[in-house]
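Novice: upload27.cif is the file, holding mmCIF, C-alpha atoms:
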data_input
#
loop_
_atom_site.label_atom_id
_atom_site.label_comp_id
_atom_site.auth_asym_id
_atom_site.auth_seq_id
_atom_site.Cartn_x
_atom_site.Cartn_y
_atom_site.Cartn_z
CA MET A 108 5.39 -70.40 -39.06
CA LEU A 109 7.32 -67.74 -37.14
CA PRO A 110 8.75 -69.11 -33.86
CA ASP A 111 6.54 -67.78 -31.05
CA GLY A 112 5.08 -65.29 -33.52
CA GLU A 113 7.94 -62.85 -32.87
CA LEU A 114 10.79 -61.21 -34.76
CA SER A 115 14.39 -62.08 -33.89
CA THR A 116 15.98 -59.80 -31.31
CA SER A 117 18.54 -58.52 -33.86
CA SER A 118 18.39 -58.10 -37.64
CA VAL A 119 19.88 -60.90 -39.72
CA PHE A 120 21.31 -59.84 -43.09
CA ALA A 121 20.76 -62.29 -45.98
CA ALA A 122 19.42 -62.31 -49.52
CA PHE A 123 15.91 -63.39 -50.42
CA LEU A 124 15.50 -66.62 -52.37
CA VAL A 125 13.67 -64.69 -55.07
CA PRO A 126 14.73 -61.48 -56.89
CA ASN A 127 14.50 -58.24 -54.95
CA ARG A 128 11.34 -56.26 -55.61
CA VAL A 129 11.98 -53.02 -57.50
CA ASP A 130 8.46 -52.44 -58.87
CA GLU A 131 5.18 -52.18 -56.91
CA LEU A 132 3.39 -54.09 -59.68
CA ILE A 133 5.80 -57.03 -60.00
CA ASP A 134 6.38 -59.74 -57.39
CA TYR A 135 8.18 -63.11 -57.31
CA GLU A 136 7.62 -66.42 -55.52
CA TRP A 137 8.86 -70.00 -55.64
CA GLY A 138 6.23 -72.47 -56.74
CA GLY A 139 5.41 -75.79 -58.36
CA ILE A 140 5.07 -76.87 -61.98
CA ASP A 141 1.66 -75.22 -62.46
CA LEU A 142 -1.28 -73.70 -60.59
CA TYR A 143 -3.08 -76.18 -58.33
CA ASP A 144 -0.30 -78.75 -58.95
CA ALA A 145 2.12 -79.25 -56.04
CA SER A 146 3.02 -82.81 -57.05
CA GLU A 147 6.70 -81.90 -57.49
CA GLY A 148 6.89 -79.58 -54.50
CA LEU A 149 7.02 -75.80 -54.26
CA GLN A 150 10.65 -75.25 -55.26
CA VAL A 151 10.38 -76.11 -58.95
CA LYS A 152 10.63 -72.62 -60.45
CA ILE A 153 10.22 -68.93 -59.66
CA TRP A 154 6.86 -67.47 -60.67
CA THR A 155 6.27 -63.79 -61.47
CA CYS A 156 3.06 -61.91 -60.72
CA PHE A 157 2.38 -58.71 -62.69
CA TYR A 158 -0.38 -56.34 -63.79
CA GLU A 159 -1.17 -55.94 -67.48
CA SER A 160 -4.16 -54.43 -69.32
CA GLY A 161 -6.33 -54.47 -66.21
CA VAL A 162 -5.54 -58.09 -65.31
CA ILE A 163 -3.35 -59.52 -62.52
CA LYS A 164 -1.40 -62.39 -64.08
CA VAL A 165 1.24 -64.97 -63.15
CA ARG A 166 3.81 -66.66 -65.33
CA ALA A 167 6.76 -69.03 -65.14
CA ASP A 168 8.73 -70.16 -68.19
CA GLN A 169 6.13 -70.54 -70.96
CA VAL A 170 3.18 -70.98 -68.59
CA MET A 171 0.93 -67.96 -67.95
CA HIS A 172 -2.44 -67.55 -66.24
CA ASP A 173 -4.88 -64.68 -65.73
CA LEU A 174 -5.92 -64.48 -62.07
CA ILE A 175 -8.07 -61.39 -61.43
CA THR A 176 -9.55 -58.72 -63.66
CA VAL A 177 -9.60 -55.44 -61.72
CA ALA A 178 -9.10 -51.82 -62.76
CA ASP A 179 -6.65 -49.21 -61.41
CA VAL A 180 -4.36 -51.50 -59.41
CA THR A 181 -1.40 -49.52 -58.04
CA ALA A 182 0.46 -52.27 -56.10
CA LEU A 183 0.32 -56.03 -55.69
CA SER A 184 1.95 -59.03 -54.05
CA PHE A 185 1.26 -62.76 -54.27
CA ALA A 186 2.06 -66.20 -52.89
CA PHE A 187 1.08 -69.84 -53.29
CA ASP A 188 -0.32 -72.02 -50.54
CA LEU A 189 0.81 -75.62 -50.06
CA ASN A 190 -1.60 -76.78 -52.80
CA MET A 191 -0.29 -74.22 -55.32
CA ARG A 192 -3.42 -72.14 -54.97
CA PRO A 193 -2.57 -68.47 -55.63
CA VAL A 194 -3.16 -65.75 -53.03
CA VAL A 195 -3.01 -62.10 -54.14
CA THR A 196 -3.13 -58.78 -52.32
CA TYR A 197 -3.61 -55.59 -54.30
CA ILE A 198 -4.35 -51.89 -53.80
CA VAL A 199 -7.03 -49.86 -55.59
CA ASN A 200 -7.61 -46.22 -54.58
CA ASP A 201 -5.60 -46.81 -51.37
CA GLU A 202 -7.91 -49.69 -50.38
CA VAL A 203 -6.20 -53.03 -49.71
CA PHE A 204 -7.79 -56.26 -50.92
CA LEU A 205 -6.87 -59.91 -50.36
CA TRP A 206 -7.91 -62.57 -52.89
CA TRP A 207 -7.60 -65.95 -51.22
CA TYR A 208 -8.91 -69.50 -51.27
CA ASN A 209 -11.60 -70.07 -48.65
CA THR A 210 -11.61 -73.78 -47.81
CA ALA A 211 -14.99 -73.46 -46.08
CA ILE A 212 -16.72 -72.82 -49.41
CA ALA A 213 -13.99 -74.30 -51.68
CA GLU A 214 -13.51 -71.19 -53.81
CA HIS A 215 -11.55 -67.94 -54.00
CA ILE A 216 -13.04 -64.87 -52.34
CA THR A 217 -11.98 -61.23 -52.07
CA THR A 218 -11.72 -59.55 -48.66
CA SER A 219 -11.29 -55.80 -48.18
CA PHE A 220 -9.01 -54.59 -45.39
CA GLY A 221 -9.85 -50.93 -45.94
CA THR A 222 -7.55 -47.94 -46.31
CA GLY A 223 -5.83 -48.04 -42.92
CA ILE A 224 -2.89 -50.25 -43.97
CA ILE A 225 -0.05 -49.79 -46.47
CA THR A 226 2.58 -51.80 -48.38
CA PRO A 227 0.89 -55.23 -48.14
CA GLN A 228 3.07 -58.26 -48.94
CA LEU A 229 2.49 -62.03 -49.22
CA SER A 230 4.74 -65.09 -49.00
CA LEU A 231 4.63 -68.72 -47.92
CA ASP A 232 6.89 -68.88 -44.89
CA ASP A 233 8.57 -72.20 -45.81
CA HIS A 234 8.55 -73.96 -49.18
CA ARG A 235 10.32 -77.12 -48.00
CA SER A 236 8.06 -80.18 -47.92
CA ILE A 237 9.50 -81.46 -44.62
CA TYR A 238 8.13 -78.36 -42.86
CA SER A 239 4.75 -78.33 -44.58
CA ALA A 240 2.87 -79.14 -41.34
CA ASN A 241 3.79 -75.72 -39.93
CA ALA A 242 3.86 -73.67 -43.14
CA ASP A 243 1.61 -70.64 -43.55
CA VAL A 244 0.94 -68.00 -46.15
CA ILE A 245 1.84 -64.79 -44.33
CA PHE A 246 -0.05 -61.59 -45.14
CA ALA A 247 2.09 -58.69 -43.86
CA TYR A 248 1.58 -54.93 -43.92
CA ILE A 249 2.17 -51.68 -42.03
CA LYS A 250 -0.60 -50.23 -39.88
CA ALA A 251 -0.12 -47.12 -37.72
CA GLU A 252 3.67 -47.55 -38.07
CA GLN A 253 3.50 -51.14 -36.81
CA LEU A 254 4.54 -54.23 -38.78
CA CYS A 255 1.53 -56.55 -38.67
CA ILE A 256 0.81 -60.02 -40.03
CA ARG A 257 -2.19 -62.28 -40.58
CA LEU A 258 -1.91 -66.04 -41.16
CA GLN A 259 -3.61 -68.44 -43.52
CA ARG A 260 -4.28 -70.90 -40.68
CA ASP A 261 -6.37 -68.18 -39.00
CA ARG A 262 -8.20 -67.52 -42.27
CA TYR A 263 -6.55 -64.07 -42.06
CA GLN A 264 -8.97 -63.11 -39.27
CA ILE A 265 -6.42 -62.35 -36.51
CA GLU A 266 -3.94 -59.50 -36.63
CA TYR A 267 -0.54 -59.87 -34.91
CA GLU A 268 1.78 -56.89 -34.25
CA LEU A 269 5.50 -57.65 -34.62
CA GLY A 270 7.15 -54.28 -34.05
CA ALA A 271 7.72 -50.79 -35.40
CA GLY A 272 7.89 -50.16 -39.14
CA GLN A 273 7.05 -47.50 -41.70
CA ILE A 274 7.33 -49.13 -45.13
CA LEU A 275 7.42 -52.84 -45.92
CA ILE A 276 9.57 -53.58 -48.98
CA GLN A 277 9.53 -57.36 -49.26
CA ILE A 278 9.02 -60.54 -47.24
CA GLY A 279 9.98 -64.17 -47.77
CA MET A 280 12.46 -66.95 -47.13
CA MET A 281 16.13 -65.97 -47.23
CA THR A 282 19.28 -67.87 -48.15
CA ASN A 283 19.93 -68.64 -44.47
CA ASN A 284 16.58 -70.48 -44.25
CA ARG A 285 15.06 -67.73 -42.11
CA PHE A 286 11.95 -65.75 -42.95
CA GLY A 287 12.76 -62.09 -43.52
CA PHE A 288 10.91 -58.76 -43.44
CA ALA A 289 12.69 -55.99 -45.36
CA THR A 290 11.48 -52.64 -44.06
CA LYS A 291 12.42 -49.08 -44.83
CA ILE A 292 12.35 -46.17 -42.40
CA MET A 293 11.26 -42.84 -43.82
CA ASN A 294 12.60 -39.39 -42.96
CA GLY A 295 13.35 -38.85 -39.29
CA PHE A 296 13.37 -35.35 -37.83
CA ASP A 297 17.16 -35.11 -37.78
CA LEU A 298 17.62 -36.92 -41.09
CA TYR A 299 15.16 -35.02 -43.26
CA LEU A 300 17.75 -32.94 -45.10
CA ASP A 301 20.13 -35.90 -45.44
CA GLN A 302 17.32 -37.99 -46.95
CA MET A 303 16.39 -35.27 -49.44
CA TYR A 304 20.04 -34.95 -50.48
CA VAL A 305 20.45 -38.70 -50.95
CA ASP A 306 17.11 -39.21 -52.72
CA ALA A 307 18.11 -36.67 -55.35
CA ARG A 308 20.85 -39.08 -56.51
CA ASN A 309 19.08 -42.35 -55.78
CA LYS A 310 18.13 -44.75 -58.55
CA PRO A 311 14.46 -45.85 -58.78
CA LEU A 312 14.95 -48.82 -56.44
CA ARG A 313 12.96 -49.89 -53.40
CA PHE A 314 16.28 -50.34 -51.61
CA ASP A 315 18.66 -47.39 -51.24
CA TYR A 316 21.50 -46.94 -53.73
CA LEU A 317 24.96 -45.52 -53.03
CA ASP A 318 25.74 -43.40 -56.09
CA LEU A 319 29.51 -43.65 -55.75
CA CYS A 320 31.90 -46.12 -57.32
CA PRO A 321 35.19 -47.07 -55.60
CA LEU A 322 36.78 -47.45 -59.04
CA GLN A 323 37.54 -43.76 -58.50
CA ALA A 324 40.17 -44.98 -56.04
CA SER A 325 40.59 -48.66 -55.19
CA TYR A 326 39.10 -51.62 -53.37
CA SER A 327 39.99 -55.12 -52.31
CA VAL A 328 37.84 -58.19 -51.74
CA GLN A 329 37.95 -61.07 -49.29
CA PHE A 330 35.69 -63.61 -50.99
CA GLY A 331 33.34 -65.50 -48.71
CA ASN A 332 31.98 -68.96 -49.32
CA ASN A 333 29.71 -71.51 -47.67
CA VAL A 334 32.40 -74.16 -47.06
CA VAL A 335 33.33 -74.62 -43.41
CA ILE A 336 35.62 -77.02 -41.56
CA ALA A 337 33.97 -79.58 -39.32
CA GLU A 338 35.50 -80.34 -35.96
CA GLY A 339 37.51 -83.53 -35.52
CA LEU A 340 39.14 -85.85 -38.01
CA ASN A 341 36.75 -87.35 -40.51
CA GLU A 342 36.43 -87.92 -44.22
CA ASP A 343 33.90 -85.10 -44.61
CA ILE A 344 35.95 -82.50 -42.79
CA LEU A 345 34.73 -79.83 -45.22
CA ARG A 346 31.01 -79.22 -45.36
CA THR A 347 28.67 -76.47 -46.52
CA GLN A 348 26.32 -74.20 -44.66
CA PHE A 349 24.31 -71.10 -45.42
CA GLU A 350 26.28 -68.70 -43.20
CA ASN A 351 29.39 -66.79 -44.31
CA ILE A 352 28.36 -66.47 -47.94
CA GLU A 353 28.90 -62.72 -48.02
CA ASN A 354 32.11 -61.08 -49.21
CA VAL A 355 34.04 -58.46 -47.25
CA VAL A 356 35.05 -55.55 -49.49
CA SER A 357 37.45 -52.82 -48.42
CA VAL A 358 36.78 -49.68 -50.46
CA ALA A 359 38.51 -46.32 -50.81
CA PHE A 360 36.77 -43.31 -52.35
CA ASN A 361 38.60 -40.19 -53.54
CA LEU A 362 35.92 -37.52 -53.25
CA LYS A 363 35.60 -33.81 -53.75
CA SER A 364 33.56 -31.83 -51.23
CA LYS A 365 30.15 -32.30 -52.90
CA ASP A 366 30.54 -36.09 -53.13
CA PHE A 367 31.96 -36.24 -49.59
CA GLU A 368 28.88 -34.42 -48.24
CA TYR A 369 26.70 -36.90 -50.14
CA PHE A 370 28.61 -39.91 -48.73
CA MET A 371 28.34 -38.65 -45.15
CA SER A 372 24.60 -37.97 -45.60
CA PHE A 373 24.17 -41.50 -46.94
CA PHE A 374 26.17 -42.97 -44.04
CA ARG A 375 24.18 -41.02 -41.42
CA ILE A 376 20.94 -42.33 -42.94
CA TRP A 377 22.33 -45.89 -42.91
CA GLN A 378 23.23 -45.50 -39.22
CA HIS A 379 19.61 -44.58 -38.56
CA LYS A 380 18.02 -47.27 -40.78
CA ARG A 381 20.64 -50.04 -40.57
CA LYS A 382 19.15 -51.47 -43.77
CA PRO A 383 20.95 -52.85 -46.85
CA PHE A 384 21.61 -50.76 -49.96
CA TYR A 385 22.91 -51.25 -53.49
CA ILE A 386 26.35 -50.35 -54.81
CA ASP A 387 28.07 -50.85 -58.20
CA LEU A 388 31.18 -53.07 -58.10
CA VAL A 389 33.21 -55.46 -60.22
CA LEU A 390 33.65 -58.66 -58.17
CA ASP A 391 33.02 -62.15 -59.52
CA ARG A 392 32.23 -61.07 -63.06
CA ARG A 393 33.84 -58.57 -65.40
CA PRO A 394 30.99 -56.08 -66.00
CA LEU A 395 30.09 -53.48 -63.39
CA SER A 396 27.16 -54.97 -61.44
CA GLN A 397 24.83 -53.96 -58.62
CA TYR A 398 25.34 -55.73 -55.29
CA LEU A 399 23.37 -55.63 -52.06
CA ALA A 400 25.56 -54.29 -49.27
CA HIS A 401 25.85 -53.27 -45.63
CA PHE A 402 28.50 -51.09 -44.00
CA ILE A 403 30.64 -52.88 -41.43
CA HIS A 404 30.21 -50.76 -38.33
CA ASP A 405 33.21 -48.73 -37.13
CA SER A 406 34.96 -49.20 -40.49
CA ILE A 407 34.58 -45.67 -41.85
CA SER A 408 37.58 -43.34 -41.82
CA MET A 409 38.61 -40.22 -43.73
CA GLN A 410 41.80 -38.38 -44.67
CA LYS A 411 41.88 -35.01 -46.40
CA GLN A 412 44.61 -33.74 -48.67
CA GLY A 413 43.94 -30.44 -50.40
CA GLU A 414 40.50 -30.62 -52.00
CA ILE A 415 40.34 -34.43 -51.95
CA PHE A 416 38.67 -36.46 -49.20
CA THR A 417 39.89 -40.07 -49.11
CA VAL A 418 37.19 -42.17 -47.43
CA ASN A 419 37.92 -45.76 -46.43
CA ALA A 420 35.19 -48.24 -45.53
CA GLN A 421 34.44 -51.94 -45.34
CA LEU A 422 31.26 -53.50 -46.70
CA TYR A 423 29.48 -56.81 -46.46
CA ILE A 424 28.49 -57.69 -50.03
CA LEU A 425 26.03 -60.46 -50.86
CA ASN A 426 26.81 -62.63 -53.87
CA ASN A 427 24.58 -62.16 -56.89
CA ASP A 428 23.12 -65.17 -58.64
CA LEU A 429 25.69 -66.66 -61.00
CA ASP A 430 25.26 -68.27 -64.42
CA LYS A 431 26.35 -71.76 -63.39
CA ALA A 432 26.28 -73.10 -66.95
CA GLN A 433 28.59 -70.32 -68.13
CA ILE A 434 31.00 -70.91 -65.23
CA LYS A 435 31.07 -74.65 -65.91
CA ALA A 436 31.76 -74.08 -69.61
CA LEU A 437 34.61 -71.66 -68.82
CA VAL A 438 36.24 -74.06 -66.33
CA GLU A 439 35.91 -77.08 -68.58
CA ALA A 440 37.36 -75.17 -71.53
CA ARG A 441 40.62 -74.76 -69.58
CA ASN A 442 40.56 -78.03 -67.70
CA VAL A 443 43.41 -80.50 -68.29
CA ARG A 444 42.35 -84.04 -69.00
CA ALA A 445 44.60 -87.10 -69.23
#
Show this structure as structure tokens.
Specialist:
Amino acid sequence: MLPDGELSTSSVFAAFLVPNRVDELIDYEWGGIDLYDASEGLQVKIWTCFYESGVIKVRADQVMHDLITVADVTALSFAFDLNMRPVVTYIVNDEVFLWWYNTAIAEHITTSFGTGIITPQLSLDDHRSIYSANADVIFAYIKAEQLCIRLQRDRYQIEYELGAGQILIQIGMMTNNRFGFATKIMNGFDLYLDQMYVDARNKPLRFDYLDLCPLQASYSVQFGNNVVIAEGLNEDILRTQFENIENVVSVAFNLKSKDFEYFMSFFRIWQHKRKPFYIDLVLDRRPLSQYLAHFIHDSISMQKQGEIFTVNAQLYILNNDLDKAQIKALVEARNVRA
């Protein structure tokens, strides 16, 4: 459950424990071995919810279940409660519905929340068994430009306002063990033209995308990790924590005037939103990959020589999920054994 039912006073940047949502009709959530089976906990595998042939379905590995048959669904989100019972919100003709398990009658029911809310999202706020006494399925959405939530423990009857918001992208536990709300701010009065300019080059992602690659010039990386030094002399002087797992990347772009105007438009929008975006880089793996990033404030500078604008910046870059089996095989192939 959210402490005091309030957001933190400042935004905390971290990755979600599930893949980022890029499609209104596909959602992800950690869960147990099968529906209605929480015997092994709720962190066994990632489940996917999707819409196919008029049916909302879930699957994980080779297991798949049909949940609801409903026509003309345009968006959905889902979660599991502590007993691995599915909860689904979906939109039909701009009307928002919630399909949830009503313990009073011991069956699933569907509740309509009308057409006054947008971008509904669902997630269990903590999947760890030691915190199960306070865990809730959170039903979040935007209403009249306010981020609102309803809780399973209230049978979704009470609405709580958390703060301003215009579009809710995704909610859920993050890698720092905090519960996150990813929101997106739409065009402001002074940013309307910048937003139109940036959107014309944006990829079809729910998060923004910086359509420039620093391979045009150069960049350097200070790799972060989650190993920290404990105070004092002890055998376990090195320990791990969830903070400091982002990398700091110093980039330099060599841009002509059109690309420079695009970069500055993108940066002005970021200053207004202060939300993460995607960028293509080569970091911990050879192929060019998309990474979730933030600008480091006060790190942007520019020099101009002739027609070329050289823009320097620093970024916080979150690590992507790595293929641990592939890394282990590569290391062991070059390891020296006695």
Novice: Residues around (-1.8, -73.3, -51.1), cut-off 12 Å, counting all atoms listed in the file - what are they as a PyMOL selection string?
Specialist: chain A and resi 138-139+142-145+148-149+185-195+207-210+215+230-234+239+242-245+259-260
Novice: Would you please work out which residue, of A:Gln277, A:Gly161, A:Pro227, A:Glu202, is nearest to Glu136 (chain A) when using only C-alpha atoms?
Specialist: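 Under the stated criterion, the closest residue is A:Gln277.
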Novice: What residues come out when you apply the PyMOL selection byres ((chain A and resi 402-414) around 12) to this file, written as a ChimeraX atom specification?
Specialist: /A:120,317,353-367,370-371,373-378,380-386,399-401,415-425
Novice: So, with all atoms listed in the file as the atoms that count, which of A:Leu395, A:Leu229, A:Ile163, A:Val305 lies closest to Leu258 (chain A)?
Specialist: A:Leu229
Novice: Have a look at A:Ile216, A:Thr196, A:Thr290, A:Val129 and name the one nearest to Phe246 (chain A); count all atoms listed in the file.
Specialist: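 For Phe246 (chain A), the nearest of the given residues is A:Thr196.
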